[in-house]
Amino acid sequence: QVQLVESGGGLVQTGGSLRLSCAASGRTFNRYTMGWFRQAPGKERDFVASISWSGSNTYYTDSVKGRFTVSRDNAKNTVYLQMNSLKPEDTAVYYCAASRDVFSAATMTSAPYNYWGQGTQVTVSS
């Protein structure tokens with residue numbers, strides 16, 4: 001069982017930055033592929049980024065490439081999402097998720113993920 005707790009959300013102006021953190025419980029964090037998803041009001045939950053257990057492989061959705069960076073610190077059982085050059089369309093609840101599956105293109109969908117956090121709100125004002 002893995003419990004995930006996101007933090008770092010908030011209100012920021014267009015062009016600003018935020019760093020989200022996702023702290024995981026459990027001793028086997030470094031065996032999990034981790035992902036970030038977001039859900040805007042009235043919309044479905046969408047993939048943002050994923051990272052392999054070692055941190056050496058990542059995927060991003062096209063709309064955040066060059067602006068967002070996913071990373072992890074296995075010693076701290078934490079995964080991060082650094083968000084720069086934020087836009088109003090980035091406004092959403094952001095969720096982290098953990099998957100026991102091997103890192104692959106499938107981690108760009110919600111299907112492989114076994115555990116989800118409760119989410120943290122990110123609001124970007126124009």
# chains A, B, ... in the order shown; residues from 1 in each chain; ligands from 1
call {"tool": "closest_atom_pairs", "arguments": {"of": "segment 2-65 of chain A", "to": "segment 69-79 of chain A", "cutoff": "12 Å", "atoms": "only C-alpha atoms", "output": "Markdown table"}}
result
| residue | atom | partner | partner_atom | distance |
| --- | --- | --- | --- | --- |
| A:Val2 | CA | A:Asn77 | CA | 10.7 |
| A:Gln3 | CA | A:Asn77 | CA | 10.8 |
| A:Leu4 | CA | A:Thr78 | CA | 9.1 |
| A:Val5 | CA | A:Thr78 | CA | 9.4 |
| A:Glu6 | CA | A:Val79 | CA | 9.3 |
| A:Ser7 | CA | A:Val79 | CA | 10.7 |
| A:Gly8 | CA | A:Val79 | CA | 11.9 |
| A:Ser17 | CA | A:Thr69 | CA | 11.4 |
| A:Leu18 | CA | A:Thr69 | CA | 10.9 |
| A:Arg19 | CA | A:Thr69 | CA | 9.3 |
| A:Leu20 | CA | A:Val79 | CA | 8.3 |
| A:Ser21 | CA | A:Val79 | CA | 5.9 |
| A:Cys22 | CA | A:Val79 | CA | 5.2 |
| A:Ala23 | CA | A:Thr78 | CA | 4.5 |
| A:Ala24 | CA | A:Asn77 | CA | 5.4 |
| A:Ser25 | CA | A:Asn77 | CA | 7.1 |
| A:Gly26 | CA | A:Asn77 | CA | 8.2 |
| A:Arg27 | CA | A:Asn77 | CA | 8.3 |
| A:Thr28 | CA | A:Asn77 | CA | 8.8 |
| A:Phe29 | CA | A:Asn77 | CA | 5.9 |
| A:Asn30 | CA | A:Asn74 | CA | 5.5 |
| A:Arg31 | CA | A:Asn74 | CA | 9.3 |
| A:Tyr32 | CA | A:Asn74 | CA | 10.0 |
| A:Thr33 | CA | A:Val79 | CA | 10.2 |
| A:Met34 | CA | A:Val79 | CA | 7.4 |
| A:Gly35 | CA | A:Val70 | CA | 8.7 |
| A:Trp36 | CA | A:Val70 | CA | 8.4 |
| A:Phe37 | CA | A:Val70 | CA | 11.6 |
| A:Val48 | CA | A:Val70 | CA | 9.3 |
| A:Ala49 | CA | A:Val70 | CA | 6.6 |
| A:Ser50 | CA | A:Val70 | CA | 7.1 |
| A:Ile51 | CA | A:Val70 | CA | 6.8 |
| A:Ser52 | CA | A:Arg72 | CA | 9.1 |
| A:Trp53 | CA | A:Asn74 | CA | 8.3 |
| A:Ser54 | CA | A:Asn74 | CA | 8.2 |
| A:Gly55 | CA | A:Arg72 | CA | 6.2 |
| A:Ser56 | CA | A:Ser71 | CA | 9.0 |
| A:Asn57 | CA | A:Ser71 | CA | 9.7 |
| A:Thr58 | CA | A:Val70 | CA | 7.4 |
| A:Tyr59 | CA | A:Val70 | CA | 8.8 |
| A:Tyr60 | CA | A:Thr69 | CA | 8.5 |
| A:Thr61 | CA | A:Thr69 | CA | 11.2 |
| A:Val64 | CA | A:Thr69 | CA | 8.6 |
| A:Lys65 | CA | A:Thr69 | CA | 8.1 |
call {"tool": "select_by_dssp", "arguments": {"residues": "chain A", "states": "strand (DSSP E or B)", "output": "PDB file with N, CA and C atoms, in the first residue's frame"}}
result
ATOM      1  N   LEU A   4      -0.099   8.757  -1.007  1.00  0.00           N
ATOM      2  CA  LEU A   4       0.513   9.887  -1.689  1.00  0.00           C
ATOM      3  C   LEU A   4      -0.125  11.181  -1.208  1.00  0.00           C
ATOM      4  N   VAL A   5       0.701  12.163  -0.892  1.00  0.00           N
ATOM      5  CA  VAL A   5       0.206  13.451  -0.424  1.00  0.00           C
ATOM      6  C   VAL A   5       0.887  14.553  -1.225  1.00  0.00           C
ATOM      7  N   GLU A   6       0.073  15.301  -1.986  1.00  0.00           N
ATOM      8  CA  GLU A   6       0.589  16.404  -2.775  1.00  0.00           C
ATOM      9  C   GLU A   6       0.602  17.686  -1.961  1.00  0.00           C
ATOM     10  N   SER A   7       1.526  18.569  -2.319  1.00  0.00           N
ATOM     11  CA  SER A   7       1.579  19.895  -1.705  1.00  0.00           C
ATOM     12  C   SER A   7       2.234  20.853  -2.687  1.00  0.00           C
ATOM     13  N   GLY A  10      -1.225  26.474  -5.326  1.00  0.00           N
ATOM     14  CA  GLY A  10      -1.562  27.819  -4.881  1.00  0.00           C
ATOM     15  C   GLY A  10      -1.986  28.689  -6.030  1.00  0.00           C
ATOM     16  N   LEU A  11      -2.044  29.981  -5.749  1.00  0.00           N
ATOM     17  CA  LEU A  11      -2.434  30.987  -6.742  1.00  0.00           C
ATOM     18  C   LEU A  11      -1.184  31.702  -7.230  1.00  0.00           C
ATOM     19  N   VAL A  12      -1.031  31.803  -8.531  1.00  0.00           N
ATOM     20  CA  VAL A  12       0.133  32.448  -9.119  1.00  0.00           C
ATOM     21  C   VAL A  12      -0.299  33.217 -10.357  1.00  0.00           C
ATOM     22  N   GLN A  13       0.424  34.263 -10.688  1.00  0.00           N
ATOM     23  CA  GLN A  13       0.106  35.032 -11.879  1.00  0.00           C
ATOM     24  C   GLN A  13       0.681  34.357 -13.124  1.00  0.00           C
ATOM     25  N   LEU A  18       5.647  27.475  -9.868  1.00  0.00           N
ATOM     26  CA  LEU A  18       5.310  26.714  -8.670  1.00  0.00           C
ATOM     27  C   LEU A  18       6.049  25.393  -8.731  1.00  0.00           C
ATOM     28  N   ARG A  19       6.348  24.836  -7.559  1.00  0.00           N
ATOM     29  CA  ARG A  19       6.878  23.487  -7.500  1.00  0.00           C
ATOM     30  C   ARG A  19       5.967  22.626  -6.652  1.00  0.00           C
ATOM     31  N   LEU A  20       5.402  21.625  -7.269  1.00  0.00           N
ATOM     32  CA  LEU A  20       4.563  20.675  -6.556  1.00  0.00           C
ATOM     33  C   LEU A  20       5.426  19.540  -6.028  1.00  0.00           C
ATOM     34  N   SER A  21       5.043  19.045  -4.872  1.00  0.00           N
ATOM     35  CA  SER A  21       5.708  17.885  -4.277  1.00  0.00           C
ATOM     36  C   SER A  21       4.673  16.804  -4.021  1.00  0.00           C
ATOM     37  N   CYS A  22       5.116  15.587  -4.090  1.00  0.00           N
ATOM     38  CA  CYS A  22       4.258  14.448  -3.778  1.00  0.00           C
ATOM     39  C   CYS A  22       5.068  13.518  -2.885  1.00  0.00           C
ATOM     40  N   ALA A  23       4.679  13.449  -1.630  1.00  0.00           N
ATOM     41  CA  ALA A  23       5.376  12.600  -0.670  1.00  0.00           C
ATOM     42  C   ALA A  23       4.680  11.254  -0.587  1.00  0.00           C
ATOM     43  N   ALA A  24       5.461  10.202  -0.663  1.00  0.00           N
ATOM     44  CA  ALA A  24       4.915   8.850  -0.655  1.00  0.00           C
ATOM     45  C   ALA A  24       5.322   8.099   0.601  1.00  0.00           C
ATOM     46  N   THR A  33       6.919   3.613 -10.851  1.00  0.00           N
ATOM     47  CA  THR A  33       6.811   4.686 -11.819  1.00  0.00           C
ATOM     48  C   THR A  33       5.837   5.711 -11.254  1.00  0.00           C
ATOM     49  N   MET A  34       6.166   6.981 -11.404  1.00  0.00           N
ATOM     50  CA  MET A  34       5.325   8.033 -10.853  1.00  0.00           C
ATOM     51  C   MET A  34       4.787   8.927 -11.968  1.00  0.00           C
ATOM     52  N   GLY A  35       3.593   9.428 -11.756  1.00  0.00           N
ATOM     53  CA  GLY A  35       2.986  10.293 -12.756  1.00  0.00           C
ATOM     54  C   GLY A  35       2.308  11.492 -12.129  1.00  0.00           C
ATOM     55  N   TRP A  36       2.153  12.524 -12.929  1.00  0.00           N
ATOM     56  CA  TRP A  36       1.363  13.703 -12.567  1.00  0.00           C
ATOM     57  C   TRP A  36       0.231  13.842 -13.587  1.00  0.00           C
ATOM     58  N   PHE A  37      -0.944  14.103 -13.067  1.00  0.00           N
ATOM     59  CA  PHE A  37      -2.126  14.343 -13.882  1.00  0.00           C
ATOM     60  C   PHE A  37      -2.779  15.628 -13.386  1.00  0.00           C
ATOM     61  N   ARG A  38      -3.676  16.168 -14.193  1.00  0.00           N
ATOM     62  CA  ARG A  38      -4.420  17.341 -13.767  1.00  0.00           C
ATOM     63  C   ARG A  38      -5.841  17.278 -14.287  1.00  0.00           C
ATOM     64  N   GLN A  39      -6.717  17.936 -13.544  1.00  0.00           N
ATOM     65  CA  GLN A  39      -8.123  17.975 -13.922  1.00  0.00           C
ATOM     66  C   GLN A  39      -8.651  19.385 -13.744  1.00  0.00           C
ATOM     67  N   ARG A  45      -9.627  14.096 -16.314  1.00  0.00           N
ATOM     68  CA  ARG A  45      -8.272  14.102 -15.774  1.00  0.00           C
ATOM     69  C   ARG A  45      -7.293  13.778 -16.900  1.00  0.00           C
ATOM     70  N   ASP A  46      -6.294  14.623 -17.076  1.00  0.00           N
ATOM     71  CA  ASP A  46      -5.350  14.488 -18.174  1.00  0.00           C
ATOM     72  C   ASP A  46      -3.934  14.248 -17.669  1.00  0.00           C
ATOM     73  N   PHE A  47      -3.195  13.534 -18.460  1.00  0.00           N
ATOM     74  CA  PHE A  47      -1.786  13.269 -18.169  1.00  0.00           C
ATOM     75  C   PHE A  47      -0.959  14.550 -18.283  1.00  0.00           C
ATOM     76  N   VAL A  48       0.012  14.702 -17.388  1.00  0.00           N
ATOM     77  CA  VAL A  48       0.937  15.833 -17.457  1.00  0.00           C
ATOM     78  C   VAL A  48       2.365  15.339 -17.676  1.00  0.00           C
ATOM     79  N   ALA A  49       2.832  14.438 -16.801  1.00  0.00           N
ATOM     80  CA  ALA A  49       4.210  13.965 -16.874  1.00  0.00           C
ATOM     81  C   ALA A  49       4.342  12.650 -16.120  1.00  0.00           C
ATOM     82  N   SER A  50       5.335  11.862 -16.510  1.00  0.00           N
ATOM     83  CA  SER A  50       5.648  10.642 -15.769  1.00  0.00           C
ATOM     84  C   SER A  50       7.158  10.459 -15.716  1.00  0.00           C
ATOM     85  N   ILE A  51       7.594   9.675 -14.744  1.00  0.00           N
ATOM     86  CA  ILE A  51       9.023   9.486 -14.526  1.00  0.00           C
ATOM     87  C   ILE A  51       9.282   8.062 -14.074  1.00  0.00           C
ATOM     88  N   THR A  58      11.561  10.140 -18.760  1.00  0.00           N
ATOM     89  CA  THR A  58      10.371  10.944 -18.506  1.00  0.00           C
ATOM     90  C   THR A  58       9.519  11.062 -19.763  1.00  0.00           C
ATOM     91  N   TYR A  59       8.248  11.328 -19.548  1.00  0.00           N
ATOM     92  CA  TYR A  59       7.328  11.712 -20.611  1.00  0.00           C
ATOM     93  C   TYR A  59       6.624  12.990 -20.165  1.00  0.00           C
ATOM     94  N   TYR A  60       6.256  13.809 -21.165  1.00  0.00           N
ATOM     95  CA  TYR A  60       5.469  15.001 -20.907  1.00  0.00           C
ATOM     96  C   TYR A  60       4.373  15.124 -21.948  1.00  0.00           C
ATOM     97  N   PHE A  68       7.531  22.529 -17.859  1.00  0.00           N
ATOM     98  CA  PHE A  68       7.433  21.711 -16.653  1.00  0.00           C
ATOM     99  C   PHE A  68       8.572  20.693 -16.628  1.00  0.00           C
ATOM    100  N   THR A  69       9.010  20.375 -15.420  1.00  0.00           N
ATOM    101  CA  THR A  69      10.041  19.351 -15.241  1.00  0.00           C
ATOM    102  C   THR A  69       9.642  18.435 -14.090  1.00  0.00           C
ATOM    103  N   VAL A  70       9.607  17.153 -14.369  1.00  0.00           N
ATOM    104  CA  VAL A  70       9.321  16.163 -13.330  1.00  0.00           C
ATOM    105  C   VAL A  70      10.646  15.574 -12.848  1.00  0.00           C
ATOM    106  N   SER A  71      10.759  15.372 -11.553  1.00  0.00           N
ATOM    107  CA  SER A  71      11.968  14.787 -10.971  1.00  0.00           C
ATOM    108  C   SER A  71      11.576  14.011  -9.723  1.00  0.00           C
ATOM    109  N   ARG A  72      12.514  13.267  -9.193  1.00  0.00           N
ATOM    110  CA  ARG A  72      12.222  12.500  -7.981  1.00  0.00           C
ATOM    111  C   ARG A  72      13.479  12.386  -7.130  1.00  0.00           C
ATOM    112  N   ASP A  73      13.245  12.226  -5.843  1.00  0.00           N
ATOM    113  CA  ASP A  73      14.306  11.979  -4.888  1.00  0.00           C
ATOM    114  C   ASP A  73      13.907  10.724  -4.127  1.00  0.00           C
ATOM    115  N   THR A  78       9.933  11.212  -2.580  1.00  0.00           N
ATOM    116  CA  THR A  78       9.211  12.368  -3.071  1.00  0.00           C
ATOM    117  C   THR A  78       9.427  12.543  -4.570  1.00  0.00           C
ATOM    118  N   VAL A  79       8.356  12.906  -5.250  1.00  0.00           N
ATOM    119  CA  VAL A  79       8.427  13.280  -6.651  1.00  0.00           C
ATOM    120  C   VAL A  79       7.988  14.736  -6.766  1.00  0.00           C
ATOM    121  N   TYR A  80       8.598  15.451  -7.705  1.00  0.00           N
ATOM    122  CA  TYR A  80       8.351  16.881  -7.850  1.00  0.00           C
ATOM    123  C   TYR A  80       7.848  17.201  -9.248  1.00  0.00           C
ATOM    124  N   LEU A  81       7.152  18.310  -9.339  1.00  0.00           N
ATOM    125  CA  LEU A  81       6.782  18.862 -10.636  1.00  0.00           C
ATOM    126  C   LEU A  81       7.086  20.353 -10.580  1.00  0.00           C
ATOM    127  N   GLN A  82       8.167  20.744 -11.228  1.00  0.00           N
ATOM    128  CA  GLN A  82       8.521  22.153 -11.332  1.00  0.00           C
ATOM    129  C   GLN A  82       7.776  22.750 -12.516  1.00  0.00           C
ATOM    130  N   MET A  83       6.995  23.776 -12.254  1.00  0.00           N
ATOM    131  CA  MET A  83       6.157  24.379 -13.289  1.00  0.00           C
ATOM    132  C   MET A  83       6.583  25.829 -13.471  1.00  0.00           C
ATOM    133  N   ALA A  92      -5.847  23.923 -12.621  1.00  0.00           N
ATOM    134  CA  ALA A  92      -6.429  22.595 -12.449  1.00  0.00           C
ATOM    135  C   ALA A  92      -6.077  22.079 -11.061  1.00  0.00           C
ATOM    136  N   VAL A  93      -6.706  20.990 -10.704  1.00  0.00           N
ATOM    137  CA  VAL A  93      -6.248  20.205  -9.559  1.00  0.00           C
ATOM    138  C   VAL A  93      -5.206  19.214 -10.081  1.00  0.00           C
ATOM    139  N   TYR A  94      -4.064  19.204  -9.440  1.00  0.00           N
ATOM    140  CA  TYR A  94      -2.963  18.338  -9.869  1.00  0.00           C
ATOM    141  C   TYR A  94      -2.858  17.138  -8.927  1.00  0.00           C
ATOM    142  N   TYR A  95      -2.747  15.973  -9.543  1.00  0.00           N
ATOM    143  CA  TYR A  95      -2.681  14.723  -8.805  1.00  0.00           C
ATOM    144  C   TYR A  95      -1.377  13.991  -9.122  1.00  0.00           C
ATOM    145  N   CYS A  96      -0.799  13.393  -8.121  1.00  0.00           N
ATOM    146  CA  CYS A  96       0.285  12.456  -8.403  1.00  0.00           C
ATOM    147  C   CYS A  96      -0.244  11.036  -8.262  1.00  0.00           C
ATOM    148  N   ALA A  97       0.432  10.124  -8.935  1.00  0.00           N
ATOM    149  CA  ALA A  97      -0.006   8.740  -8.960  1.00  0.00           C
ATOM    150  C   ALA A  97       1.208   7.825  -9.031  1.00  0.00           C
ATOM    151  N   ALA A  98       1.039   6.616  -8.525  1.00  0.00           N
ATOM    152  CA  ALA A  98       2.123   5.633  -8.491  1.00  0.00           C
ATOM    153  C   ALA A  98       1.687   4.362  -9.214  1.00  0.00           C
ATOM    154  N   SER A  99       2.612   3.835  -9.996  1.00  0.00           N
ATOM    155  CA  SER A  99       2.334   2.623 -10.759  1.00  0.00           C
ATOM    156  C   SER A  99       3.400   1.569 -10.492  1.00  0.00           C
ATOM    157  N   TYR A 113      -1.829   3.120 -13.216  1.00  0.00           N
ATOM    158  CA  TYR A 113      -1.579   3.659 -11.886  1.00  0.00           C
ATOM    159  C   TYR A 113      -2.454   2.990 -10.828  1.00  0.00           C
ATOM    160  N   ASN A 114      -1.796   2.591  -9.755  1.00  0.00           N
ATOM    161  CA  ASN A 114      -2.457   1.850  -8.696  1.00  0.00           C
ATOM    162  C   ASN A 114      -2.875   2.737  -7.523  1.00  0.00           C
ATOM    163  N   TYR A 115      -2.155   3.833  -7.332  1.00  0.00           N
ATOM    164  CA  TYR A 115      -2.409   4.695  -6.183  1.00  0.00           C
ATOM    165  C   TYR A 115      -2.452   6.152  -6.638  1.00  0.00           C
ATOM    166  N   TRP A 116      -3.328   6.916  -5.996  1.00  0.00           N
ATOM    167  CA  TRP A 116      -3.521   8.319  -6.335  1.00  0.00           C
ATOM    168  C   TRP A 116      -3.536   9.160  -5.062  1.00  0.00           C
ATOM    169  N   THR A 120      -3.836  18.731  -5.428  1.00  0.00           N
ATOM    170  CA  THR A 120      -3.542  20.071  -4.942  1.00  0.00           C
ATOM    171  C   THR A 120      -3.951  21.067  -6.017  1.00  0.00           C
ATOM    172  N   GLN A 121      -4.599  22.140  -5.595  1.00  0.00           N
ATOM    173  CA  GLN A 121      -5.145  23.113  -6.546  1.00  0.00           C
ATOM    174  C   GLN A 121      -4.059  24.069  -7.016  1.00  0.00           C
ATOM    175  N   VAL A 122      -3.999  24.250  -8.322  1.00  0.00           N
ATOM    176  CA  VAL A 122      -3.134  25.268  -8.938  1.00  0.00           C
ATOM    177  C   VAL A 122      -4.034  26.222  -9.717  1.00  0.00           C
ATOM    178  N   THR A 123      -3.932  27.495  -9.387  1.00  0.00           N
ATOM    179  CA  THR A 123      -4.715  28.511 -10.073  1.00  0.00           C
ATOM    180  C   THR A 123      -3.771  29.560 -10.634  1.00  0.00           C
ATOM    181  N   VAL A 124      -3.881  29.789 -11.939  1.00  0.00           N
ATOM    182  CA  VAL A 124      -3.039  30.774 -12.609  1.00  0.00           C
ATOM    183  C   VAL A 124      -3.937  31.920 -13.072  1.00  0.00           C
ATOM    184  N   SER A 125      -3.685  33.091 -12.544  1.00  0.00           N
ATOM    185  CA  SER A 125      -4.503  34.249 -12.887  1.00  0.00           C
ATOM    186  C   SER A 125      -3.922  34.980 -14.089  1.00  0.00           C
TER     187      SER A 125
END
call {"tool": "select_by_dssp", "arguments": {"residues": "chain A", "states": "helix (DSSP H, G or I)", "output": "VMD selection string"}}
result
chain A and resid 29 to 31 62 to 64 74 to 76 88 to 90 105 to 108
call {"tool": "write_last_selection", "arguments": {"atoms": "N, CA and C atoms", "output": "PDB file, in the first residue's frame"}}
result
ATOM      1  N   PHE A  29       9.230   2.913  -2.539  1.00  0.00           N
ATOM      2  CA  PHE A  29       8.937   4.026  -3.443  1.00  0.00           C
ATOM      3  C   PHE A  29       9.783   3.946  -4.695  1.00  0.00           C
ATOM      4  N   ASN A  30      11.033   3.554  -4.571  1.00  0.00           N
ATOM      5  CA  ASN A  30      11.916   3.569  -5.733  1.00  0.00           C
ATOM      6  C   ASN A  30      11.602   2.470  -6.737  1.00  0.00           C
ATOM      7  N   ARG A  31      10.601   1.659  -6.472  1.00  0.00           N
ATOM      8  CA  ARG A  31      10.170   0.650  -7.435  1.00  0.00           C
ATOM      9  C   ARG A  31       8.985   1.115  -8.267  1.00  0.00           C
ATOM     10  N   ASP A  62       2.392  17.395 -24.556  1.00  0.00           N
ATOM     11  CA  ASP A  62       2.976  18.417 -25.423  1.00  0.00           C
ATOM     12  C   ASP A  62       2.809  19.831 -24.860  1.00  0.00           C
ATOM     13  N   SER A  63       1.697  20.096 -24.231  1.00  0.00           N
ATOM     14  CA  SER A  63       1.404  21.470 -23.802  1.00  0.00           C
ATOM     15  C   SER A  63       2.310  21.964 -22.674  1.00  0.00           C
ATOM     16  N   VAL A  64       3.040  21.066 -22.022  1.00  0.00           N
ATOM     17  CA  VAL A  64       3.904  21.491 -20.915  1.00  0.00           C
ATOM     18  C   VAL A  64       5.386  21.303 -21.222  1.00  0.00           C
ATOM     19  N   ASN A  74      14.456   9.605  -4.505  1.00  0.00           N
ATOM     20  CA  ASN A  74      14.046   8.339  -3.894  1.00  0.00           C
ATOM     21  C   ASN A  74      14.454   8.254  -2.426  1.00  0.00           C
ATOM     22  N   ALA A  75      15.507   8.957  -2.053  1.00  0.00           N
ATOM     23  CA  ALA A  75      15.912   8.958  -0.645  1.00  0.00           C
ATOM     24  C   ALA A  75      14.880   9.658   0.232  1.00  0.00           C
ATOM     25  N   LYS A  76      14.121  10.578  -0.365  1.00  0.00           N
ATOM     26  CA  LYS A  76      13.095  11.315   0.368  1.00  0.00           C
ATOM     27  C   LYS A  76      11.689  10.826   0.030  1.00  0.00           C
ATOM     28  N   PRO A  88      -2.875  30.556 -17.740  1.00  0.00           N
ATOM     29  CA  PRO A  88      -4.214  30.321 -17.160  1.00  0.00           C
ATOM     30  C   PRO A  88      -4.749  28.924 -17.480  1.00  0.00           C
ATOM     31  N   GLU A  89      -4.412  28.398 -18.629  1.00  0.00           N
ATOM     32  CA  GLU A  89      -4.905  27.063 -18.990  1.00  0.00           C
ATOM     33  C   GLU A  89      -4.241  25.943 -18.194  1.00  0.00           C
ATOM     34  N   ASP A  90      -3.251  26.262 -17.379  1.00  0.00           N
ATOM     35  CA  ASP A  90      -2.666  25.277 -16.477  1.00  0.00           C
ATOM     36  C   ASP A  90      -3.470  25.147 -15.180  1.00  0.00           C
ATOM     37  N   ALA A 105       5.273   3.948 -22.507  1.00  0.00           N
ATOM     38  CA  ALA A 105       4.340   4.952 -23.022  1.00  0.00           C
ATOM     39  C   ALA A 105       2.965   4.831 -22.375  1.00  0.00           C
ATOM     40  N   ALA A 106       2.656   3.673 -21.862  1.00  0.00           N
ATOM     41  CA  ALA A 106       1.367   3.481 -21.199  1.00  0.00           C
ATOM     42  C   ALA A 106       1.221   4.366 -19.975  1.00  0.00           C
ATOM     43  N   THR A 107       2.347   4.833 -19.420  1.00  0.00           N
ATOM     44  CA  THR A 107       2.249   5.690 -18.226  1.00  0.00           C
ATOM     45  C   THR A 107       1.730   7.076 -18.560  1.00  0.00           C
ATOM     46  N   MET A 108       1.481   7.338 -19.829  1.00  0.00           N
ATOM     47  CA  MET A 108       0.831   8.573 -20.234  1.00  0.00           C
ATOM     48  C   MET A 108      -0.694   8.454 -20.169  1.00  0.00           C
TER      49      MET A 108
END
call {"tool": "atom_distance", "arguments": {"atom1": "atom CA of Lys43 of chain A", "atom2": "atom CA of Lys87 of chain A"}}
result
17.0 Å
call {"tool": "closest_residue", "arguments": {"among": "A:Arg100, A:Ala111, A:Ser85, A:Arg67", "to": "Gln1 of chain A", "atoms": "only C-alpha atoms"}}
result
A:Arg100
call {"tool": "decode", "arguments": {"residues": "segment 108-124 of chain A", "atoms": "N, CA and C atoms", "output": "PDB file, in the first residue's frame"}}
result
ATOM      1  N   MET A 108       1.481   7.338 -19.829  1.00  0.00           N
ATOM      2  CA  MET A 108       0.831   8.573 -20.234  1.00  0.00           C
ATOM      3  C   MET A 108      -0.694   8.454 -20.169  1.00  0.00           C
ATOM      4  N   THR A 109      -1.173   7.319 -19.727  1.00  0.00           N
ATOM      5  CA  THR A 109      -2.594   7.133 -19.459  1.00  0.00           C
ATOM      6  C   THR A 109      -2.782   6.815 -17.985  1.00  0.00           C
ATOM      7  N   SER A 110      -3.998   6.896 -17.524  1.00  0.00           N
ATOM      8  CA  SER A 110      -4.258   6.629 -16.106  1.00  0.00           C
ATOM      9  C   SER A 110      -4.305   5.140 -15.796  1.00  0.00           C
ATOM     10  N   ALA A 111      -4.381   4.309 -16.809  1.00  0.00           N
ATOM     11  CA  ALA A 111      -4.619   2.881 -16.598  1.00  0.00           C
ATOM     12  C   ALA A 111      -3.591   2.179 -15.713  1.00  0.00           C
ATOM     13  N   PRO A 112      -2.288   2.450 -15.867  1.00  0.00           N
ATOM     14  CA  PRO A 112      -1.316   1.661 -15.088  1.00  0.00           C
ATOM     15  C   PRO A 112      -1.197   2.039 -13.619  1.00  0.00           C
ATOM     16  N   TYR A 113      -1.829   3.120 -13.216  1.00  0.00           N
ATOM     17  CA  TYR A 113      -1.579   3.659 -11.886  1.00  0.00           C
ATOM     18  C   TYR A 113      -2.454   2.990 -10.828  1.00  0.00           C
ATOM     19  N   ASN A 114      -1.796   2.591  -9.755  1.00  0.00           N
ATOM     20  CA  ASN A 114      -2.457   1.850  -8.696  1.00  0.00           C
ATOM     21  C   ASN A 114      -2.875   2.737  -7.523  1.00  0.00           C
ATOM     22  N   TYR A 115      -2.155   3.833  -7.332  1.00  0.00           N
ATOM     23  CA  TYR A 115      -2.409   4.695  -6.183  1.00  0.00           C
ATOM     24  C   TYR A 115      -2.452   6.152  -6.638  1.00  0.00           C
ATOM     25  N   TRP A 116      -3.328   6.916  -5.996  1.00  0.00           N
ATOM     26  CA  TRP A 116      -3.521   8.319  -6.335  1.00  0.00           C
ATOM     27  C   TRP A 116      -3.536   9.160  -5.062  1.00  0.00           C
ATOM     28  N   GLY A 117      -3.024  10.383  -5.202  1.00  0.00           N
ATOM     29  CA  GLY A 117      -3.144  11.334  -4.121  1.00  0.00           C
ATOM     30  C   GLY A 117      -4.469  12.060  -4.178  1.00  0.00           C
ATOM     31  N   GLN A 118      -4.673  12.955  -3.225  1.00  0.00           N
ATOM     32  CA  GLN A 118      -5.932  13.691  -3.132  1.00  0.00           C
ATOM     33  C   GLN A 118      -5.944  14.942  -3.997  1.00  0.00           C
ATOM     34  N   GLY A 119      -4.789  15.365  -4.453  1.00  0.00           N
ATOM     35  CA  GLY A 119      -4.722  16.509  -5.350  1.00  0.00           C
ATOM     36  C   GLY A 119      -4.387  17.811  -4.646  1.00  0.00           C
ATOM     37  N   THR A 120      -3.836  18.731  -5.428  1.00  0.00           N
ATOM     38  CA  THR A 120      -3.542  20.071  -4.942  1.00  0.00           C
ATOM     39  C   THR A 120      -3.951  21.067  -6.017  1.00  0.00           C
ATOM     40  N   GLN A 121      -4.599  22.140  -5.595  1.00  0.00           N
ATOM     41  CA  GLN A 121      -5.145  23.113  -6.546  1.00  0.00           C
ATOM     42  C   GLN A 121      -4.059  24.069  -7.016  1.00  0.00           C
ATOM     43  N   VAL A 122      -3.999  24.250  -8.322  1.00  0.00           N
ATOM     44  CA  VAL A 122      -3.134  25.268  -8.938  1.00  0.00           C
ATOM     45  C   VAL A 122      -4.034  26.222  -9.717  1.00  0.00           C
ATOM     46  N   THR A 123      -3.932  27.495  -9.387  1.00  0.00           N
ATOM     47  CA  THR A 123      -4.715  28.511 -10.073  1.00  0.00           C
ATOM     48  C   THR A 123      -3.771  29.560 -10.634  1.00  0.00           C
ATOM     49  N   VAL A 124      -3.881  29.789 -11.939  1.00  0.00           N
ATOM     50  CA  VAL A 124      -3.039  30.774 -12.609  1.00  0.00           C
ATOM     51  C   VAL A 124      -3.937  31.920 -13.072  1.00  0.00           C
TER      52      VAL A 124
END
